[in-house]
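K.L.:
My structure is stored as input.cif, with mmCIF, C-alpha atoms and all ligand atoms.
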data_final
loop_
_atom_site.label_atom_id
_atom_site.label_comp_id
_atom_site.auth_asym_id
_atom_site.auth_seq_id
_atom_site.Cartn_x
_atom_site.Cartn_y
_atom_site.Cartn_z
CA MET A 1376 -14.98 -3.88 -15.02
CA ARG A 1377 -16.15 -3.79 -11.43
CA VAL A 1378 -13.12 -2.70 -9.45
CA LEU A 1379 -12.76 -2.57 -5.66
CA ILE A 1380 -10.01 -0.43 -4.16
CA ALA A 1381 -9.74 -1.81 -0.66
CA CYS A 1382 -8.37 0.32 2.18
CA GLU A 1383 -8.26 3.55 0.20
CA TYR A 1384 -9.44 6.91 1.57
CA SER A 1385 -7.63 9.08 -1.00
CA GLY A 1386 -9.64 8.00 -4.06
CA ALA A 1387 -6.42 8.02 -6.13
CA VAL A 1388 -6.67 4.51 -7.63
CA ARG A 1389 -10.48 4.57 -7.66
CA ASP A 1390 -10.63 7.77 -9.71
CA ALA A 1391 -7.91 6.56 -12.10
CA PHE A 1392 -10.08 3.51 -12.92
CA ILE A 1393 -13.25 5.63 -13.18
CA LYS A 1394 -11.42 7.88 -15.69
CA GLN A 1395 -10.84 4.78 -17.81
CA GLY A 1396 -14.60 4.07 -17.80
CA HIS A 1397 -14.68 1.41 -15.08
CA ASP A 1398 -17.19 0.90 -12.31
CA ALA A 1399 -14.77 1.44 -9.42
CA MET A 1400 -15.40 1.92 -5.73
CA SER A 1401 -13.05 2.62 -2.84
CA CYS A 1402 -13.57 1.29 0.66
CA ASP A 1403 -12.04 2.34 3.97
CA LEU A 1404 -13.00 2.70 7.62
CA LEU A 1405 -12.37 6.41 6.98
CA PRO A 1406 -14.47 8.64 4.73
CA THR A 1407 -13.13 9.35 1.26
CA ASP A 1408 -11.01 12.50 0.97
CA VAL A 1409 -12.32 13.19 -2.52
CA PRO A 1410 -16.03 12.76 -3.31
CA GLY A 1411 -16.76 9.62 -5.32
CA PRO A 1412 -18.11 6.06 -4.97
CA HIS A 1413 -16.93 4.94 -1.53
CA TYR A 1414 -18.03 2.43 1.08
CA GLN A 1415 -17.11 3.66 4.55
CA GLY A 1416 -16.80 0.50 6.61
CA SER A 1417 -14.92 -2.76 6.68
CA VAL A 1418 -13.76 -4.24 3.39
CA PHE A 1419 -14.93 -7.63 4.67
CA ASP A 1420 -18.56 -6.42 4.39
CA ILE A 1421 -18.26 -6.15 0.61
CA ILE A 1422 -15.26 -8.21 -0.48
CA ASP A 1423 -17.39 -11.08 -1.84
CA GLU A 1424 -19.62 -8.93 -4.03
CA GLY A 1425 -18.33 -10.25 -7.35
CA TRP A 1426 -15.53 -7.80 -8.19
CA ASP A 1427 -13.46 -8.37 -11.36
CA LEU A 1428 -10.35 -6.74 -9.95
CA MET A 1429 -9.30 -5.70 -6.46
CA VAL A 1430 -6.42 -3.39 -5.59
CA ALA A 1431 -5.80 -3.54 -1.83
CA HIS A 1432 -3.66 -1.38 0.45
CA PRO A 1433 -3.99 -3.24 3.76
CA PRO A 1434 -2.71 -1.66 7.00
CA CYS A 1435 1.06 -2.06 7.28
CA THR A 1436 2.06 -0.34 10.55
CA TYR A 1437 2.85 -3.57 12.42
CA LEU A 1438 4.21 -5.53 9.44
CA SER A 1439 6.55 -3.01 7.89
CA ARG A 1440 10.30 -3.38 8.25
CA ALA A 1441 10.37 0.36 9.00
CA GLY A 1442 8.79 -0.50 12.38
CA ALA A 1443 11.34 -3.17 13.33
CA ARG A 1444 13.05 -1.05 15.97
CA TRP A 1445 9.79 -0.84 17.94
CA MET A 1446 9.12 -4.55 17.49
CA TYR A 1447 12.42 -5.40 19.19
CA LYS A 1448 12.85 -2.75 21.86
CA GLY A 1449 16.15 -3.41 23.68
CA GLY A 1450 16.49 -6.63 21.66
CA VAL A 1451 13.33 -8.11 23.21
CA LEU A 1452 10.25 -8.91 21.12
CA ASN A 1453 7.34 -6.64 22.03
CA ASP A 1454 4.51 -9.15 22.38
CA GLU A 1455 1.70 -6.60 21.96
CA ARG A 1456 3.14 -5.36 18.67
CA TYR A 1457 3.83 -8.92 17.57
CA GLN A 1458 0.17 -9.88 18.10
CA LYS A 1459 -0.90 -6.81 16.10
CA GLY A 1460 1.54 -7.87 13.38
CA LEU A 1461 -0.04 -11.32 13.26
CA MET A 1462 -3.47 -9.73 12.86
CA ALA A 1463 -2.14 -7.55 10.03
CA LYS A 1464 -0.71 -10.66 8.36
CA GLU A 1465 -4.11 -12.35 8.61
CA PHE A 1466 -5.67 -9.26 6.98
CA PHE A 1467 -3.05 -9.39 4.22
CA ASP A 1468 -3.73 -13.12 3.62
CA LYS A 1469 -7.47 -12.48 3.36
CA MET A 1470 -6.82 -9.88 0.66
CA MET A 1471 -4.58 -12.26 -1.28
CA ASN A 1472 -7.11 -15.11 -0.99
CA ALA A 1473 -10.22 -13.10 -1.84
CA LYS A 1474 -12.62 -14.63 -4.37
CA CYS A 1475 -11.65 -12.23 -7.13
CA PRO A 1476 -10.01 -13.17 -10.44
CA MET A 1477 -7.41 -10.35 -10.46
CA ILE A 1478 -5.79 -9.08 -7.29
CA ALA A 1479 -3.01 -6.60 -6.47
CA VAL A 1480 -1.97 -6.13 -2.85
CA GLU A 1481 0.36 -3.26 -2.01
CA ASN A 1482 2.53 -2.89 1.11
CA PRO A 1483 6.00 -1.67 2.10
CA THR A 1484 8.81 -4.16 2.71
CA PRO A 1485 7.61 -6.43 5.55
CA MET A 1486 9.62 -7.75 8.48
CA LYS A 1487 10.97 -11.24 7.81
CA LEU A 1488 9.44 -12.29 11.14
CA PHE A 1489 5.98 -12.45 9.52
CA ASN A 1490 6.99 -14.64 6.61
CA LEU A 1491 4.81 -13.00 3.98
CA PRO A 1492 4.81 -14.65 0.55
CA THR A 1493 7.42 -13.43 -1.94
CA HIS A 1494 6.29 -10.25 -3.62
CA SER A 1495 5.77 -10.02 -7.39
CA GLN A 1496 7.52 -6.71 -7.97
CA VAL A 1497 8.91 -3.54 -6.37
CA VAL A 1498 7.76 -0.15 -7.59
CA GLN A 1499 9.09 3.31 -6.80
CA PRO A 1500 7.38 6.69 -7.32
CA TYR A 1501 10.41 7.86 -9.36
CA GLN A 1502 9.55 5.20 -11.98
CA PHE A 1503 6.14 6.85 -12.45
CA GLY A 1504 7.03 10.53 -12.72
CA HIS A 1505 7.37 11.59 -9.05
CA PRO A 1506 10.82 12.75 -7.81
CA PHE A 1507 10.70 10.55 -4.69
CA SER A 1508 11.74 7.14 -3.46
CA LYS A 1509 9.31 5.04 -1.41
CA ARG A 1510 9.96 1.33 -1.83
CA THR A 1511 6.59 -0.29 -2.43
CA LEU A 1512 5.95 -3.99 -2.96
CA LEU A 1513 3.16 -5.48 -5.06
CA TRP A 1514 1.81 -9.02 -4.77
CA LEU A 1515 -0.06 -9.82 -7.97
CA LYS A 1516 -2.59 -12.52 -8.91
CA ASN A 1517 -3.39 -12.86 -12.62
CA LEU A 1518 -1.98 -9.40 -13.28
CA PRO A 1519 1.22 -8.47 -15.16
CA ALA A 1520 3.93 -6.45 -13.42
CA LEU A 1521 3.42 -2.70 -13.78
CA LYS A 1522 5.68 -1.13 -16.39
CA PRO A 1523 7.38 2.16 -15.40
CA THR A 1524 5.83 5.09 -17.23
CA ASN A 1525 8.29 7.95 -16.59
CA ILE A 1526 11.62 7.17 -14.92
CA LEU A 1527 13.24 10.13 -13.13
CA LEU A 1528 16.92 9.93 -12.27
CA GLU A 1529 16.86 12.51 -9.47
CA TYR A 1530 14.75 11.85 -6.43
CA ARG A 1531 14.77 12.03 -2.65
CA PRO A 1532 13.28 9.92 0.15
CA TYR A 1533 9.56 10.52 0.67
CA LEU A 1534 9.39 9.03 4.16
CA PRO A 1535 11.60 9.82 7.16
CA SER A 1536 14.17 7.15 8.00
CA ASN A 1537 16.55 6.61 10.92
CA THR A 1538 15.81 10.07 12.35
CA GLY A 1539 17.06 8.75 15.71
CA GLY A 1540 20.49 8.26 14.09
CA LYS A 1541 20.94 12.04 13.57
CA LYS A 1542 22.55 12.55 17.02
CA LYS A 1543 24.83 9.53 16.46
CA GLY A 1544 26.09 10.99 13.18
CA GLN A 1545 24.39 8.21 11.18
CA LYS A 1546 22.80 8.57 7.76
CA TYR A 1547 19.18 9.67 8.16
CA SER A 1548 16.43 11.39 6.24
CA ILE A 1549 13.64 13.69 7.43
CA GLY A 1550 11.58 12.77 4.37
CA VAL A 1551 9.05 14.93 2.55
CA SER A 1552 5.62 13.74 3.71
CA LYS A 1553 4.13 15.78 6.57
CA ASN A 1554 1.71 13.35 8.18
CA TRP A 1555 0.57 9.71 8.02
CA LYS A 1556 -2.16 10.42 5.48
CA GLU A 1557 0.30 12.01 3.08
CA SER A 1558 2.73 9.14 3.70
CA ALA A 1559 0.14 6.45 2.96
CA LYS A 1560 -1.51 8.01 -0.09
CA THR A 1561 -0.89 6.21 -3.37
CA PHE A 1562 1.12 8.29 -5.84
CA GLN A 1563 -1.00 9.43 -8.79
CA GLY A 1564 1.51 8.12 -11.35
CA ILE A 1565 1.26 4.62 -9.87
CA ALA A 1566 -2.55 4.82 -9.64
CA ASP A 1567 -2.74 5.90 -13.31
CA ALA A 1568 -0.39 3.08 -14.38
CA MET A 1569 -2.60 0.53 -12.57
CA ALA A 1570 -5.73 1.79 -14.32
CA ASN A 1571 -4.08 2.13 -17.76
CA GLN A 1572 -2.22 -1.18 -17.69
CA TRP A 1573 -4.66 -3.40 -15.78
CA GLY A 1574 -7.94 -1.79 -16.82
CA ASN A 1575 -8.02 -3.46 -20.22
CA LEU A 1576 -7.31 -7.05 -19.16
CA ALA A 1577 -10.87 -8.29 -18.62
C1 LIG A 1601 -1.85 2.30 4.47
S1 LIG A 1601 -3.44 3.03 4.42
C2 LIG A 1601 -3.72 2.99 2.66
C3 LIG A 1601 -4.03 4.35 2.06
C4 LIG A 1601 -4.21 4.33 0.55
N1 LIG A 1601 -2.96 4.05 -0.13
C5 LIG A 1601 -4.82 5.60 0.00
O1 LIG A 1601 -4.25 6.21 -0.95
O2 LIG A 1601 -5.87 6.03 0.51
C6 LIG A 1601 -4.39 1.69 5.05
C7 LIG A 1601 -5.87 1.99 5.22
O3 LIG A 1601 -6.56 0.80 5.62
C8 LIG A 1601 -7.73 1.22 6.28
N2 LIG A 1601 -8.36 0.05 6.94
C9 LIG A 1601 -7.98 -0.60 8.07
N3 LIG A 1601 -8.81 -1.63 8.35
C10 LIG A 1601 -9.75 -1.65 7.37
C11 LIG A 1601 -10.87 -2.47 7.09
N4 LIG A 1601 -11.22 -3.51 7.87
N5 LIG A 1601 -11.62 -2.20 6.00
C12 LIG A 1601 -11.29 -1.16 5.19
N6 LIG A 1601 -10.22 -0.35 5.39
C13 LIG A 1601 -9.46 -0.58 6.46
C14 LIG A 1601 -7.22 2.31 7.19
O4 LIG A 1601 -8.26 3.15 7.63
C15 LIG A 1601 -6.21 3.03 6.29
O5 LIG A 1601 -6.77 4.16 5.68
#
Is it possible to give me this structure as structure tokens?

P.N.:
Amino acid sequence: MRVLIACEYSGAVRDAFIKQGHDAMSCDLLPTDVPGPHYQGSVFDIIDEGWDLMVAHPPCTYLSRAGARWMYKGGVLNDERYQKGLMAKEFFDKMMNAKCPMIAVENPTPMKLFNLPTHSQVVQPYQFGHPFSKRTLLWLKNLPALKPTNILLEYRPYLPSNTGGKKKGQKYSIGVSKNWKESAKTFQGIADAMANQWGNLA
């Protein structure tokens, strides 16, 4: 199959599909972190090139519920962030509506404000062999839900949450990931499950 991994610099999903014998390519504005077939540039340059399957990780900074406290600073909607959120939603919609028979779009839980379509499933790294939680939503077109491959019962939050609540004595987590690249990278167990479970559907 010809597989496009849109908005991926890590090569994680790309290389999982290549291991299964597929003709897979990643694409990102950034260079690939791991050498392999990669288009450095906008996904919209190549999205119509007749792919059989696309897995897309569109930018989520302005859509994610985790950013809600910056969207409503002091209870007032931040118009600049809102406009960026609308652009991110447009990007998301273009991924979902690409001319490609099988599509998976991945993002964290979005803010209700942007009215994204209902997701198809929620996956967690701890369902795929990593001892972490990081709630990840998948929107699927002509693809079955991913089946967990290795469920771990002990795990901790991968991303920081409510760190501002520390001083107020609220529940918070410093997370495990050290920088945005680590935070955004697809977990290998999830990448492998995508390639193993979706790679034989053509
Ligand atoms: C949330 S990160 C996804 C990272 C991915 N999970 C991985 O393992 O590499 C979103 C990515 O979208 C990329 N991006 C933003 N606009 C893009 C565009 N027009 N075309 C391709 N990639 C784009 C960003 O550079 C960023 O690396």

K.L.:
Which chains and residue numbers are within 9 Å of ligand LIG 1601 (chain A), counting all atoms listed in the file, if I want them as a count of residues only?

P.N.:
42

K.L.:
For A:Val1430, which residue among A:Pro1476, A:Pro1412, A:Gly1460, A:Pro1506 is the nearest when counting all atoms listed in the file?

P.N.:
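Closest to A:Val1430 of all the choices is A:Pro1476.
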
K.L.:
Tell me, as a list of chain:residue names, which residues lie within 8 Å of A:Ala1479, counting only C-alpha atoms; anything in the same chain fewer than 2 positions away does not count.

P.N.:
A:Met1429, A:Val1430, A:Ala1431, A:Met1471, A:Met1477, A:Glu1481, A:Leu1513, A:Trp1514, A:Leu1515, A:Lys1516, A:Leu1518

K.L.:
Do you know which residues are at most 10 Å from A:Ala1473 counting all atoms listed in the file, after dropping those on the same chain fewer than 5 positions away, and could you put them as an MDAnalysis selection string?

P.N.:
chainID A and resid 1419 1422:1423 1426 1429 1468 1478

K.L.:
For the residues selected in the previous step, produce a file with C-alpha atoms as a PDB file, in the frame of the given file.

P.N.:
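Dumped everything to result-v5.pdb:
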ATOM      1  CA  PHE A1419     -14.930  -7.630   4.670  1.00  0.00           C
ATOM      2  CA  ILE A1422     -15.260  -8.210  -0.480  1.00  0.00           C
ATOM      3  CA  ASP A1423     -17.390 -11.080  -1.840  1.00  0.00           C
ATOM      4  CA  TRP A1426     -15.530  -7.800  -8.190  1.00  0.00           C
ATOM      5  CA  MET A1429      -9.300  -5.700  -6.460  1.00  0.00           C
ATOM      6  CA  ASP A1468      -3.730 -13.120   3.620  1.00  0.00           C
ATOM      7  CA  ILE A1478      -5.790  -9.080  -7.290  1.00  0.00           C
TER       8      ILE A1478
END

K.L.:
Enter the distance from atom CA of A:Pro1483 to atom CA of A:Gly1396, in Å, rounded to one decimal.

P.N.:
29.2 Å

K.L.:
Between atom CA of A:Phe1507 and atom CA of A:Ile1393, what is the spacing in Å?

P.N.:
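According to the coordinates, atom CA of A:Ile1393 and atom CA of A:Phe1507 are separated by 25.9 Å.
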
K.L.:
List the neighbours of stretch 1499-1504 of chain A out to 9 Å using only C-alpha atoms; skip same-chain residues closer than 2 positions along the sequence, and give me the result as a ChimeraX atom specification.

P.N.:
/A:1497,1506-1512,1522-1530,1562-1565,1567-1568

K.L.:
How far is it from atom CA of A:Leu1452 to atom CA of A:Glu1465, in Å with one decimal?

P.N.:
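Taking atom CA of A:Leu1452 as the start and atom CA of A:Glu1465 as the end point, the length is 19.4 Å.
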
K.L.:
Would you mind telling me which residue in A:Tyr1457, A:Tyr1437, A:Phe1392, A:Trp1445 lies nearest to A:Asn1571 when using all atoms listed in the file?

P.N.:
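Of all the options, A:Phe1392 lies closest to A:Asn1571.
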